[in-house]
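Asker: Before anything else, here's the structure in question.
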Amino acid sequence: MKRTCFCTAGILLSALLSGCDGTPETPFQGEKKLPRQEIALGAIEAEQMVPVWLDGRQRLLLASERRGLLLLDGRGDTLAVQAGSLEQLAAQEQADGSVLVAAYSDAQAQIRLYRIRQPSPGEGPEIQYLGGRSGLSPQGALCFSRQNNHTHLFAIGEDGLGHEYLIKPGAREWKFIEVRPLYFGEQVNACAVDLVTQRLLVSQPPLGVITLNADAEKDEERKLLITAAQLGEAFGGLWVEPAGSHVWLAAGDQLQRYALQAAQGGPQWRLRIAQPHNPISPALLDGSLLALDSDRDALLYFDVSPPLSGLQDAPSETSAAVARIPARAQTQPVVSAGDAADDPAIWVNPEAPENSLIFGTDKKRGLNVYDLSGGLVQHFAVGRVNNVDIRAIRHPHYRALAAASNRSTPGVDLFAIGRDGQVEHLGLRTVTLQDPYGLCLYRDGNDLLAWVSDKAGALHQMKIQVPDTGRNWQLHEIARLEVGSQVEGCVVDDENARLFFGEEDLGVWRLDLGAFDAGGAPPQLVAEADGEHLVADVEGLGLYRAGDSGYLVVSSQGNDSYALYSRDGSAFIGNFRLGLNLHAGVDASSETDGLAVTSANLGAEYPQGLLVVQDGRNRMPDAAQNFKLVSWQDIRKALELPDSEH
């Protein structure tokens with residue numbers, strides 16, 4: 001007996017996916033269906049269609065080779081035109097109700113930015129030119145993303161070379177700031193961004209649809225989302241639903257909808273279209289399914305209308321639980337490529353704090369010395385130095401000493417900061433460690449000591465002796481502390497005789513040095529890598545000293561953040577991340593390894609101190625790794641720390 005069911009005119013997507021009685025059914029798999037309506041566009045050679053919200057109503061944007069940029073209503077009537085010849089476009093709704101558009105013109109070899117807005121009720125929409133980027137190869141795909149309240153544009157050329165740009169508004173002209181390059185094979189023909197998961201989707205015949213992180217501060221995590229075997233030879237026209245979780249595309253004579261979390265299982269829903277139509281750019285407009293027929297220059301409407309929950313509520317960015325703080329400046333990149341910059345240290349010039357110095361290791365090459373503007377002052381090509389730390393000393397010729405672990409010739413390099421602020425290399429002393437890794441200095445009375453970790457696990461306590469003739473300095477191991485696994489980051493609270501060290505997978509340990517020297521008191525795990533406050537790997541450690549109080553700062557590399565604890569490490573205070581500083585042209589930080597912090601007043605930019613962190617991904621533009629400089633005043637404000645402690 002033939003099954004009959006009755007559905008309301010506002011047919012539900014669930015009813016399309018499972019018959020009215022709930023029996024699974026995929027419509028139109030075995031038959032071809034004609035559109036219920038075709039709206040001719042007048043031979044404009046339309047290349048792409050994008051639905052947008054403008055002034056509270058859904059509209060259509062078209063890229064046309066003959067007429068340029070067109071804004072249409074749902075009936076196909078033209079509301080606004082920007083003359084030209086366009087092949088690709090992308091659109092993004094703005095908080096003020098306007099629409100930002102990026103469009104590529106092959107004739108001009110340029111991506112052009114426009115803003116479409118409704119000036120006032122009763123008036124027609126207007127299109128305003130904002131700026132452009134010229135000298136580009138033919139572009140195969142454009143798509144916007146919104147990251148931390150900033151607009152980003154992905155532009156992928158037909159040659160497979162893509163670029164991510166940060167779009168910077170300007171009074172006269174908007175700017176394209178290059179964030180990073182992206183590499184694909186040829187034949188990319190569409191892209192889209194899921195704003196909910198911040199994943200970039202790229203249509204690339206003959207591979208399929210691939211996906212990767214849209215956030216440049218994260219690993220790409222490139223994956224094949226939908227294979228070409230599922231789609232056939234011709235596919236593209238990606239459109240992600242505003243509420244996320246689903247993507248539409250055209251594949252041959254079909255319009256298909258995929259659940260992003262289960263795309264490998266095939267389309268969740270699809271519609272086959274009778275020839276001779278050539279559908280592209282599928283989308284939902286006012287709850288109805290439509291597509292652009294590129295061969296016939298027509299809009300195609302279908303009498304199936306899978307609704308979209310949340311269609312009229314464009315996704316808004318949720319306020320992040322972790323505060324984002326922009327860095328004030330950054331250092332020049334290190335010379336070495338790849339994972340090279342590692343650990344910083346700060347020397348505070350007691351007579352002229354604004355002339356203080358930042359030491360930073362290039363673990364493939366040597367030690368760099370920077371000024372507070374981030375400029376390179378000196379470089380010492382001494383080998384694979386990993387961690388560095390500094391302490392002031394009483395000496396007839398030197399103000400301070402910096403020690404660095406060296407993995408080329410297993411040992412410790414010593415550097416002296418002279419009375420004139422110049423840095424001098426005092427030489428290397430070898431050690432019996434297999435692989436010297438982490439290092440931190442401290443003073444015990446008149447003695448200068450160091451803790452040096454072996455990558456195999458143990459921490460070694462060493463004494464540094466520097467006579468008046470500094471190059472005759474000596475290094476002696478005096479004690480050893482066994483640790484269960486790898487340790488790199490460490491810092492000593494000299495005043496309270498406490499060593500803090502990070503066991504990368506477990507957390508931060510505290511060792512009472514007085515008790516240790518007396519032969520007892522094992523270390524205590526004071527800040528566990530719990531996956532919430534602190535996420536492994538635990539990397540750099542720094543101590544912000546403010547009188548008898550202060551804070552322990554820890555690099556939580558696993559989630560690209562920094563954890564703040566009380567000075568003794570026992571109480572969690574809060575987390576923060578570094579966001580980009582668009583005005584200063586400084587990108588965010590991620591995958592931070594080492595860090596250093598001081599509470600000294602270093603001038604107008606850093607009146608309450610300075611935090612320096614290594615940046616594992618140096619963007620805007622893509623470059624070798626470097627170090628970011630953060631004002632403690634900004635951290636205090638973001639985390640609402642009391643300033644009475646300074």
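Residue numbers start at 1 in each chain; chains themselves are named A, B, ... in the order of the structure tokens; ligands are numbered from 1 in the order shown.
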Can you pull out the residues contacting A:Phe500? Cut-off 10 Å, using only C-alpha atoms, and skip same-chain residues under 4 positions away; I want them as a list of chain:residue names.
Answerer: A:Cys440, A:Gly489, A:Cys490, A:Val491, A:Val492, A:Asp493, A:Val508, A:Trp509, A:Arg510, A:Leu511, A:Asp512, A:Pro523, A:Gln524, A:Leu525, A:Val526, A:Leu541, A:Gly542, A:Leu543, A:Leu552, A:Asp568, A:Gly569
Asker: Could you write those residues out with C-alpha atoms, as a compact mmCIF listing (two decimals), in the first residue's frame?
Answerer:
# COMPACT_ATOMS: atom_id res chain seq x y z
CA CYS A 440 67.09 30.13 36.12
CA GLY A 489 60.55 26.76 32.80
CA CYS A 490 61.77 27.77 36.25
CA VAL A 491 62.08 30.90 38.38
CA VAL A 492 63.39 31.62 41.88
CA ASP A 493 61.89 33.96 44.46
CA VAL A 508 54.14 23.90 38.69
CA TRP A 509 56.14 22.68 41.68
CA ARG A 510 57.48 24.77 44.58
CA LEU A 511 60.66 23.89 46.45
CA ASP A 512 61.68 25.47 49.77
CA PRO A 523 58.86 19.90 46.29
CA GLN A 524 55.09 20.50 46.38
CA LEU A 525 52.77 20.57 43.37
CA VAL A 526 51.11 23.96 43.85
CA LEU A 541 57.52 30.99 34.47
CA GLY A 542 58.08 34.51 35.77
CA LEU A 543 57.75 36.30 39.11
CA LEU A 552 53.61 33.99 39.64
CA ASP A 568 53.63 31.61 46.58
CA GLY A 569 51.80 29.75 43.81
Asker: If you count only C-alpha atoms, which residues fall within 9 Å of A:Gln58, apart from same-chain ones fewer than 3 positions away, as a VMD selection string?
Answerer: chain A and resid 51 to 55 73 to 74 285 to 286 312
Asker: Using atom CA of A:Glu354 and atom CA of A:Leu602 as the two end points, give the distance in Å to one decimal.
Answerer: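 Interatomic distance, atom CA of A:Glu354 to atom CA of A:Leu602: 5.2 Å.
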Asker: When you count only C-alpha atoms, which of these residues is closest to A:Glu528: A:Val554, A:Leu41, A:Val247, A:Leu231?
Answerer: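 The answer is A:Val554, which sits nearest to A:Glu528.
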Asker: When you draw a straight line from atom CA of A:Arg180 to atom CA of A:Gly162, how long is it in Å?
Answerer: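 A separation of 8.6 Å between them.
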Asker: Could I get the residues of stretch 118-151 of chain A with an atom no further than 9 Å from an atom of stretch 199-212 of chain A, each paired with its nearest atom pair and that distance in Å to one decimal, using only C-alpha atoms, sorted by chain and residue number, as JSON lines?
Answerer:
{"residue": "A:Ala141", "atom": "CA", "partner": "A:Val202", "partner_atom": "CA", "distance": 8.4}
{"residue": "A:Cys143", "atom": "CA", "partner": "A:Leu200", "partner_atom": "CA", "distance": 8.9}
{"residue": "A:Ser145", "atom": "CA", "partner": "A:Leu200", "partner_atom": "CA", "distance": 8.5}
Asker: Give me a file of those residues, with C-alpha atoms, as an mmCIF file, in the first residue's frame.
Answerer:
data_model
loop_
_atom_site.group_PDB
_atom_site.id
_atom_site.type_symbol
_atom_site.label_atom_id
_atom_site.label_comp_id
_atom_site.auth_asym_id
_atom_site.auth_seq_id
_atom_site.Cartn_x
_atom_site.Cartn_y
_atom_site.Cartn_z
ATOM 1 C CA ALA A 141 37.649 32.276 -3.842
ATOM 2 C CA CYS A 143 35.353 34.675 2.164
ATOM 3 C CA SER A 145 35.623 35.678 8.979
#
Asker: Near A:Val50, counting only C-alpha atoms, which residues have an atom at most 7 Å away, once you skip same-chain residues fewer than 6 positions from it, shown as a ChimeraX atom specification?
Answerer: /A:60-62
Asker: Mind giving me the straight-line distance from atom CA of A:Glu495 to atom CA of A:Ala600 in Å, one decimal?
Answerer: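 Going from atom CA of A:Glu495 over to atom CA of A:Ala600 covers 16.2 Å.
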Asker: When you count only C-alpha atoms, which of these residues is closest to A:Lys637: A:Ala323, A:Ser281, A:Asp615, A:Gln330?
Answerer: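 That would be A:Ala323, the residue with the smallest distance to A:Lys637.
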Asker: For stretch 18-119 of chain A against stretch 129-140 of chain A, with a cut-off of 6 Å and counting only C-alpha atoms, what is the closest atom pair and its distance in Å to one decimal for every residue that makes the cut, ordered by chain and number, as a tab-separated table?
Answerer:
residue	atom	partner	partner_atom	distance
A:Ala109	CA	A:Leu136	CA	5.2
A:Gln110	CA	A:Ser134	CA	4.3
A:Ile111	CA	A:Arg133	CA	5.3
A:Arg112	CA	A:Gly132	CA	4.2
A:Leu113	CA	A:Leu130	CA	5.2
A:Tyr114	CA	A:Tyr129	CA	4.5
Asker: List as a ChimeraX atom specification the protein and nucleic acid residues near A:Ile346, meaning an atom at most 12 Å away when only C-alpha atoms are counted, but skip any in the same chain fewer than 5 places from it.
Answerer: /A:353,355-360,368-372,388-392,400-402,417,542-544,595-600,602,609-613,627,629
Asker: Once DSSP has gone over the backbone, tell me which residues of stretch 484-516 of chain A are in alpha helix (DSSP H), as a ChimeraX atom specification.
Answerer: /A:513-516
Asker: Take the residues just selected and output them with N, CA and C atoms as a PDB file, in the first residue's frame.
Answerer:
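Once everything was written out, this is result_27.pdb:
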ATOM      1  N   LEU A 513      63.925  26.269  49.313  1.00  0.00           N
ATOM      2  CA  LEU A 513      65.372  26.110  49.138  1.00  0.00           C
ATOM      3  C   LEU A 513      66.112  25.967  50.456  1.00  0.00           C
ATOM      4  N   GLY A 514      65.639  26.669  51.486  1.00  0.00           N
ATOM      5  CA  GLY A 514      66.288  26.524  52.788  1.00  0.00           C
ATOM      6  C   GLY A 514      66.187  25.105  53.302  1.00  0.00           C
ATOM      7  N   ALA A 515      64.985  24.539  53.189  1.00  0.00           N
ATOM      8  CA  ALA A 515      64.799  23.157  53.639  1.00  0.00           C
ATOM      9  C   ALA A 515      65.561  22.181  52.744  1.00  0.00           C
ATOM     10  N   PHE A 516      65.596  22.459  51.433  1.00  0.00           N
ATOM     11  CA  PHE A 516      66.323  21.588  50.519  1.00  0.00           C
ATOM     12  C   PHE A 516      67.810  21.588  50.848  1.00  0.00           C
TER      13      PHE A 516
END
Asker: From a backbone DSSP assignment, name each residue in stretch 380-610 of chain A labelled strand (DSSP E or B), as a ChimeraX atom specification.
Answerer: /A:380,385-392,398-406,411-418,423-430,436-444,447-454,459-465,474-481,487-493,498-503,507-512,524-528,538-546,549-556,561-566,572-579,581,586,595-598,610
Asker: At a cut-off of 9 Å, using only C-alpha atoms, what residues contact A:Ser485? Leave out same-chain residues fewer than 3 positions from it and give the result as a PyMOL selection string.
Answerer: chain A and resi 455-458+503-506
Asker: Considering only C-alpha atoms, state which residue in the set A:Leu481, A:Asn559, A:Leu448, A:Gly170 is at the smallest distance from A:His583.
Answerer: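 Closest candidate: A:Gly170.
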Asker: For stretch 584-587 of chain A, please output as a VMD selection string all residues within 8 Å (counting only C-alpha atoms; exclusion window: fewer than 6 positions along the same chain).
Answerer: chain A and resid 326 to 330 618 to 620
